[in-house]
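**Q** Got a structure for you, questions after.
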Amino acid sequence: MKVLVSDPLSDVGIEIFQNTPGIEVDVKTDLSPSELEEIIGVYHGLSIRSKTKVTQDVLAKAKNLKVIGRAGIGLDNVDIPAATQADVAVMNTPFGNTITTAEHTIAMIMALSRNIPRATATMKDGKWEKKNLKGREIFNKTLGLVGIGNIGSIVADRAMGLKMNVIGFDPYQAAESIEEMGITPVTFDEILAQSDYISIHTPKTNETTNLFNKDTLSRMKKGAMLINCARGGIVNEDDLYDALRSDHLGGAALDVFVTEPPGKISLMDLDNFICSSHLGASTYEAQDNVARDVATQITDYLLTGKAPNIVNQKK
């Protein structure tokens with residue numbers, strides 16, 4: 001069975017492919033769409049991250065493909081209906097980078113609250129702006145979580161350790177399950193009205209695209225802060241700019257954007273906006289974890305038919 005690794009993968013994953021009898025692996029990153037279409041026909045498995053786009057055209061040429069494995073959670077770059085129609089299993093690795101992404105969320109909350117990026121930039125510019133960079137404590141503040149899955153639940157645990165009050169909204173979780181985590185279950189409207197900080201932990205779907213827009217942002221508490229380390233497009237960036245520029249919101253931190261890289265968008269001009277380049281899952285530990293998971297899952301599926309974390313039902 002032949003496997004193509006088309007996006008960078010930690011060595012631990014490559015070694016699993018190389019050391020598994022019955023598996024032959026090729027590592028070919030930075031392929032153009034046409035180059036991928038040209039070679040995909042000989043492969044039975046495909047390991048990707050976020051860069052490779054598995055389109056309907058690619059799948060039409062993938063005559064031997066049985067499984068696509070994503071080293072990470074998001075599958076925005078895979079045409080899942082087309083894969084299902086082509087009888088190709090699609091799987092992700094939802095657990096390997098959960099702690100890393102949750103920790104990045106907490107780091108964003110802290111950096112935003114204490115003006116750490118601005119303090120660093122001004123000091124490197126030879127300035128000492130102590131009086132202009134007064135921050136805020138997070139102790140006893142209310143953190144509202146939109147989405148309480150694998151990552152959201154870890155954020156809640158860490159935030160409670162920092163003595164924050166945690167409330168949460170997740171229509172796919174029973175109130176009793178939310179309460180068992182120590183989180184107070186509330187409605188989405190209550191999240192907007194009560195939270196000093198709101199952190200997003202949902203996938204990007206038709207329901208969540210532009211969930212934070214002019215209307216919902218205006219219903220957040222004055223001075224509240226918004227953090228998104230989930231997926232770009234859940235927050236309307238133009239509306240967020242208006243909410244920050246008017247000082248209705250106290251600040252915002254984005255790790256993800258509608259277009260990545262986003263270029264010099266208007267948000268970059270605001271002092272109360274901080275950002276990072278989709279670093280939520282970017283730690284050495286997480287990259288090893290997801291590489292190990294995706295390689296194991298793909299090899300197991302090709303050799304034994306085992307199917308952990310499949311997100312589509314094959315026809």
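Residue numbers start at 1 in each chain; chains themselves are named A, B, ... in the order of the structure tokens; ligands are numbered from 1 in the order shown.
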Give the strand (DSSP E or B) residues of segment 213-292 of chain A, as assigned by DSSP on the backbone, as a PDB file with N, CA and C atoms, in the first residue's frame.
**A**
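What ended up in selection_15.pdb:
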ATOM      1  N   MET A 225     -13.761  41.293  26.011  1.00  0.00           N
ATOM      2  CA  MET A 225     -12.706  40.901  25.082  1.00  0.00           C
ATOM      3  C   MET A 225     -13.075  39.584  24.399  1.00  0.00           C
ATOM      4  N   LEU A 226     -12.699  39.469  23.119  1.00  0.00           N
ATOM      5  CA  LEU A 226     -13.045  38.303  22.296  1.00  0.00           C
ATOM      6  C   LEU A 226     -11.781  37.596  21.860  1.00  0.00           C
ATOM      7  N   ILE A 227     -11.766  36.268  22.007  1.00  0.00           N
ATOM      8  CA  ILE A 227     -10.611  35.453  21.618  1.00  0.00           C
ATOM      9  C   ILE A 227     -11.088  34.358  20.673  1.00  0.00           C
ATOM     10  N   ASN A 228     -10.405  34.207  19.548  1.00  0.00           N
ATOM     11  CA  ASN A 228     -10.745  33.131  18.614  1.00  0.00           C
ATOM     12  C   ASN A 228      -9.492  32.384  18.197  1.00  0.00           C
ATOM     13  N   VAL A 235     -15.684  34.827  13.184  1.00  0.00           N
ATOM     14  CA  VAL A 235     -15.764  36.243  13.533  1.00  0.00           C
ATOM     15  C   VAL A 235     -15.688  37.062  12.252  1.00  0.00           C
ATOM     16  N   GLY A 251     -10.958  44.652  23.717  1.00  0.00           N
ATOM     17  CA  GLY A 251      -9.844  44.065  22.990  1.00  0.00           C
ATOM     18  C   GLY A 251     -10.259  42.781  22.310  1.00  0.00           C
ATOM     19  N   ALA A 252      -9.403  42.307  21.430  1.00  0.00           N
ATOM     20  CA  ALA A 252      -9.658  41.037  20.748  1.00  0.00           C
ATOM     21  C   ALA A 252      -8.331  40.397  20.381  1.00  0.00           C
ATOM     22  N   ALA A 253      -8.336  39.073  20.349  1.00  0.00           N
ATOM     23  CA  ALA A 253      -7.157  38.295  19.971  1.00  0.00           C
ATOM     24  C   ALA A 253      -7.584  37.225  18.983  1.00  0.00           C
ATOM     25  N   LEU A 254      -6.971  37.219  17.806  1.00  0.00           N
ATOM     26  CA  LEU A 254      -7.272  36.218  16.788  1.00  0.00           C
ATOM     27  C   LEU A 254      -6.017  35.420  16.451  1.00  0.00           C
ATOM     28  N   PHE A 273      -5.979  45.247  19.515  1.00  0.00           N
ATOM     29  CA  PHE A 273      -6.075  43.985  18.783  1.00  0.00           C
ATOM     30  C   PHE A 273      -4.716  43.308  18.778  1.00  0.00           C
ATOM     31  N   ILE A 274      -4.688  42.023  19.146  1.00  0.00           N
ATOM     32  CA  ILE A 274      -3.453  41.242  19.045  1.00  0.00           C
ATOM     33  C   ILE A 274      -3.730  40.002  18.214  1.00  0.00           C
ATOM     34  N   CYS A 275      -2.675  39.395  17.700  1.00  0.00           N
ATOM     35  CA  CYS A 275      -2.887  38.269  16.796  1.00  0.00           C
ATOM     36  C   CYS A 275      -1.657  37.370  16.771  1.00  0.00           C
TER      37      CYS A 275
END
**Q** Please provide the set of residues having any atom within 8 Å of segment 262-270 of chain A, restricted to only C-alpha atoms, with same-chain residues fewer than 5 positions apart removed, written as a list in words.
**A** Glu237, Asp238, Leu240, Tyr241, Leu244, Arg245 and Phe257 of chain A
**Q** Would you kindly return, as a list in words, each protein, DNA or RNA residue with an atom no farther than 10 Å from any atom of Ala307 of chain A, considering only C-alpha atoms and excluding same-chain residues fewer than 5 positions away?
**A**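 The residues satisfying every condition are Val67, Ala89, Val90, Met91, Gln297, Ile298, Asp300, Tyr301 and Leu302 of chain A.
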**Q** For segment 26-118 of chain A against segment 128-136 of chain A, with a cut-off of 12 Å and counting only C-alpha atoms, what is the closest atom pair and its distance in Å to one decimal for every residue that makes the cut, ordered by chain and number, as CSV?
**A**
residue,atom,partner,partner_atom,distance
A:Ile109,CA,A:Arg136,CA,10.6
A:Met110,CA,A:Arg136,CA,9.2
A:Ala111,CA,A:Gly135,CA,9.6
A:Leu112,CA,A:Gly135,CA,8.4
A:Ser113,CA,A:Arg136,CA,5.4
A:Arg114,CA,A:Gly135,CA,4.4
A:Asn115,CA,A:Leu133,CA,6.2
A:Ile116,CA,A:Leu133,CA,8.7
A:Pro117,CA,A:Leu133,CA,10.4
A:Arg118,CA,A:Leu133,CA,7.9
**Q** Output the selection as a compact mmCIF listing (two decimals), in the first residue's frame - N, CA and C atoms for each residue.
**A**
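Okay, this is what ended up in out.txt:
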# COMPACT_ATOMS: atom_id res chain seq x y z
N ILE A 109 -5.45 35.28 26.27
CA ILE A 109 -6.20 36.02 27.28
C ILE A 109 -5.25 36.83 28.15
N MET A 110 -4.17 36.22 28.58
CA MET A 110 -3.21 36.90 29.44
C MET A 110 -2.50 38.03 28.70
N ALA A 111 -2.05 37.76 27.47
CA ALA A 111 -1.33 38.77 26.71
C ALA A 111 -2.22 39.97 26.41
N LEU A 112 -3.48 39.70 26.11
CA LEU A 112 -4.43 40.77 25.83
C LEU A 112 -4.71 41.59 27.07
N SER A 113 -4.89 40.91 28.19
CA SER A 113 -5.25 41.59 29.44
C SER A 113 -4.12 42.47 29.97
N ARG A 114 -2.88 42.06 29.75
CA ARG A 114 -1.74 42.78 30.31
C ARG A 114 -0.94 43.56 29.25
N ASN A 115 -1.49 43.67 28.04
CA ASN A 115 -0.86 44.49 26.99
C ASN A 115 0.57 44.07 26.68
N ILE A 116 0.84 42.79 26.77
CA ILE A 116 2.21 42.31 26.60
C ILE A 116 2.76 42.57 25.20
N PRO A 117 1.99 42.34 24.11
CA PRO A 117 2.56 42.65 22.79
C PRO A 117 2.90 44.13 22.62
N ARG A 118 2.02 45.02 23.08
CA ARG A 118 2.29 46.46 22.95
C ARG A 118 3.48 46.88 23.82
**Q** Can you list every residue in segment 180-297 of chain A that DSSP puts in helix (DSSP H, G or I), as a CSV table (one decimal) with N, CA and C atoms, in the first residue's frame?
**A**
chain,number,residue,atom,x,y,z
A,180,GLU,N,-21.1,19.1,35.1
A,180,GLU,CA,-20.1,18.2,35.7
A,180,GLU,C,-18.6,18.7,35.5
A,188,PHE,N,-26.7,31.3,24.4
A,188,PHE,CA,-25.8,32.2,23.7
A,188,PHE,C,-26.0,33.6,24.0
A,189,ASP,N,-27.2,34.0,24.1
A,189,ASP,CA,-27.5,35.4,24.5
A,189,ASP,C,-26.9,35.8,25.9
A,190,GLU,N,-27.0,34.8,26.8
A,190,GLU,CA,-26.4,35.1,28.1
A,190,GLU,C,-24.9,35.1,28.1
A,191,ILE,N,-24.3,34.3,27.2
A,191,ILE,CA,-22.9,34.4,27.0
A,191,ILE,C,-22.5,35.9,26.6
A,192,LEU,N,-23.2,36.4,25.6
A,192,LEU,CA,-22.9,37.7,25.2
A,192,LEU,C,-23.1,38.8,26.3
A,193,ALA,N,-24.1,38.7,27.0
A,193,ALA,CA,-24.5,39.7,28.0
A,193,ALA,C,-23.6,39.6,29.3
A,194,GLN,N,-23.1,38.4,29.6
A,194,GLN,CA,-22.5,38.3,30.9
A,194,GLN,C,-21.0,38.2,30.9
A,214,LYS,N,-21.9,42.2,13.4
A,214,LYS,CA,-22.2,43.5,14.0
A,214,LYS,C,-23.3,43.4,15.1
A,215,ASP,N,-24.3,42.5,14.9
A,215,ASP,CA,-25.4,42.4,15.9
A,215,ASP,C,-24.9,41.7,17.2
A,216,THR,N,-24.2,40.6,17.0
A,216,THR,CA,-23.8,39.8,18.2
A,216,THR,C,-22.7,40.5,19.0
A,217,LEU,N,-21.8,41.2,18.2
A,217,LEU,CA,-20.7,41.9,18.9
A,217,LEU,C,-21.3,43.1,19.7
A,218,SER,N,-22.3,43.7,19.1
A,218,SER,CA,-22.9,44.9,19.8
A,218,SER,C,-23.6,44.5,21.1
A,237,GLU,N,-14.5,39.9,10.5
A,237,GLU,CA,-13.3,40.8,10.8
A,237,GLU,C,-13.6,42.3,10.6
A,238,ASP,N,-14.4,42.6,9.6
A,238,ASP,CA,-14.8,44.0,9.5
A,238,ASP,C,-15.7,44.5,10.6
A,239,ASP,N,-16.6,43.7,11.0
A,239,ASP,CA,-17.5,44.1,12.2
A,239,ASP,C,-16.7,44.1,13.5
A,240,LEU,N,-15.7,43.2,13.6
A,240,LEU,CA,-14.8,43.3,14.8
A,240,LEU,C,-14.0,44.6,14.8
A,241,TYR,N,-13.5,45.0,13.7
A,241,TYR,CA,-12.8,46.2,13.6
A,241,TYR,C,-13.6,47.4,14.1
A,242,ASP,N,-14.9,47.5,13.7
A,242,ASP,CA,-15.8,48.5,14.1
A,242,ASP,C,-16.0,48.5,15.6
A,243,ALA,N,-16.2,47.3,16.1
A,243,ALA,CA,-16.5,47.2,17.6
A,243,ALA,C,-15.3,47.6,18.4
A,244,LEU,N,-14.1,47.3,17.9
A,244,LEU,CA,-12.9,47.7,18.6
A,244,LEU,C,-12.6,49.2,18.5
A,245,ARG,N,-12.7,49.6,17.3
A,245,ARG,CA,-12.4,51.0,17.0
A,245,ARG,C,-13.3,52.0,17.8
A,266,SER,N,-7.3,45.8,8.2
A,266,SER,CA,-7.5,47.0,9.0
A,266,SER,C,-7.3,46.7,10.5
A,267,LEU,N,-7.6,45.5,11.0
A,267,LEU,CA,-7.5,45.2,12.4
A,267,LEU,C,-6.1,45.4,12.9
A,268,MET,N,-5.1,45.3,12.0
A,268,MET,CA,-3.7,45.4,12.4
A,268,MET,C,-3.3,46.8,12.9
A,269,ASP,N,-4.2,47.8,12.5
A,269,ASP,CA,-3.9,49.1,12.9
A,269,ASP,C,-4.3,49.5,14.3
A,284,TYR,N,6.0,21.7,19.6
A,284,TYR,CA,6.7,20.4,19.2
A,284,TYR,C,5.9,19.2,19.7
A,285,GLU,N,5.4,19.3,20.9
A,285,GLU,CA,4.6,18.2,21.4
A,285,GLU,C,3.4,17.8,20.6
A,286,ALA,N,2.6,18.9,20.2
A,286,ALA,CA,1.4,18.7,19.4
A,286,ALA,C,1.7,18.1,18.1
A,287,GLN,N,2.8,18.6,17.4
A,287,GLN,CA,3.1,18.2,16.1
A,287,GLN,C,3.5,16.7,16.1
A,288,ASP,N,4.2,16.3,17.1
A,288,ASP,CA,4.6,14.9,17.3
A,288,ASP,C,3.3,14.0,17.5
A,289,ASN,N,2.4,14.6,18.3
A,289,ASN,CA,1.2,13.8,18.7
A,289,ASN,C,0.3,13.6,17.5
A,290,VAL,N,0.1,14.6,16.7
A,290,VAL,CA,-0.8,14.5,15.5
A,290,VAL,C,-0.2,13.7,14.4
A,291,ALA,N,1.2,13.8,14.3
A,291,ALA,CA,1.9,13.0,13.3
A,291,ALA,C,1.8,11.5,13.7
A,292,ARG,N,2.0,11.2,14.9
A,292,ARG,CA,1.9,9.8,15.4
A,292,ARG,C,0.5,9.3,15.2
A,293,ASP,N,-0.5,10.1,15.5
A,293,ASP,CA,-1.9,9.7,15.4
A,293,ASP,C,-2.3,9.4,13.9
A,294,VAL,N,-2.0,10.4,13.0
A,294,VAL,CA,-2.4,10.2,11.6
A,294,VAL,C,-1.7,9.0,11.0
A,295,ALA,N,-0.4,8.8,11.3
A,295,ALA,CA,0.3,7.7,10.6
A,295,ALA,C,-0.3,6.4,11.1
A,296,THR,N,-0.5,6.3,12.4
A,296,THR,CA,-1.1,5.1,13.0
A,296,THR,C,-2.5,4.8,12.4
A,297,GLN,N,-3.3,5.8,12.3
A,297,GLN,CA,-4.7,5.6,11.8
A,297,GLN,C,-4.7,5.2,10.4
**Q** Could you check which of A:Ser199, A:Glu103, A:Ala62, A:Ser276 is closest to Pro261 of chain A, using only C-alpha atoms?
**A**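 Of A:Ser199, A:Glu103, A:Ala62, A:Ser276, the one nearest Pro261 of chain A, counting only C-alpha atoms, is A:Ser276.
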**Q** Near Val27 of chain A, within 7 Å and counting only C-alpha atoms, which residues show up once chain neighbours fewer than 5 positions away are dropped, as a list in words?
**A**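 The residues that qualify are Leu4, Val5 and Ser6 of chain A.
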**Q** Quick one: write out the picked residues with N, CA and C atoms as a compact mmCIF listing (two decimals), in the first residue's frame?
**A**
# COMPACT_ATOMS: atom_id res chain seq x y z
N LEU A 4 1.00 8.82 0.39
CA LEU A 4 1.62 10.10 0.06
C LEU A 4 1.46 11.05 1.23
N VAL A 5 2.57 11.62 1.67
CA VAL A 5 2.55 12.68 2.67
C VAL A 5 2.76 13.99 1.91
N SER A 6 1.70 14.79 1.79
CA SER A 6 1.76 15.96 0.92
C SER A 6 1.94 17.28 1.69
**Q** Can you pull out every residue within 12 Å of Gly22 of chain A, counting only C-alpha atoms, but drop anything in the same chain fewer than 4 positions away, and send it as a ChimeraX atom specification?
**A** /A:1-3,16-18,44,299-300,302-304
**Q** Pick the closest to Thr101 of chain A from A:Thr283, A:Thr52, A:Ser246, A:Gln173: which is it, counting only C-alpha atoms?
**A** A:Thr283
**Q** One decimal, in Å: what's the spacing between atom CA of Met220 of chain A and atom CA of His248 of chain A?
**A**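 Distance between the two atoms: 8.4 Å.
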**Q** Enter the distance from atom CA of Ile200 of chain A to atom CA of Leu9 of chain A, in Å, rounded to one decimal.
**A**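 Separating atom CA of Ile200 of chain A from atom CA of Leu9 of chain A is a distance of 26.9 Å.
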**Q** Leaving out Ser34 of chain A and any residue of its chain fewer than 3 positions from it, which residues lie within 12 Å of it when counting only C-alpha atoms, given as number ranges by chain?
**A** A: 30-31, 37-40, 52-55, 57-58, 61
**Q** List the spatial neighbours of Pro171 of chain A as a list in words - criterion: any atom at most 12 Å away, only C-alpha atoms, same-chain residues fewer than 6 positions off excluded.
**A**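 Listing them by chain and then by number gives Leu145, Val146, Gly147, Ile148, Gly149, Ser177, Ile178, Pro185, Val186, Thr187, Phe188, Thr202, Glu207 and Thr208 of chain A.
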**Q** Which one of A:Asn19, A:Thr205, A:Thr184, A:Gln56 sits closest to Leu75 of chain A if you count only C-alpha atoms?
**A**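 Looking only at the distances to Leu75 of chain A, the closest residue turns out to be A:Thr205.
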**Q** A:Gly280, A:Gly182, A:Gly232, A:Gly144: which is nearest Met160 of chain A, counting only C-alpha atoms?
**A** A:Gly182
**Q** With distances taken over only C-alpha atoms, which residue among A:Gly13, A:Pro81, A:Gly72, A:Gly152 lies nearest Ala102 of chain A?
**A** A:Gly152
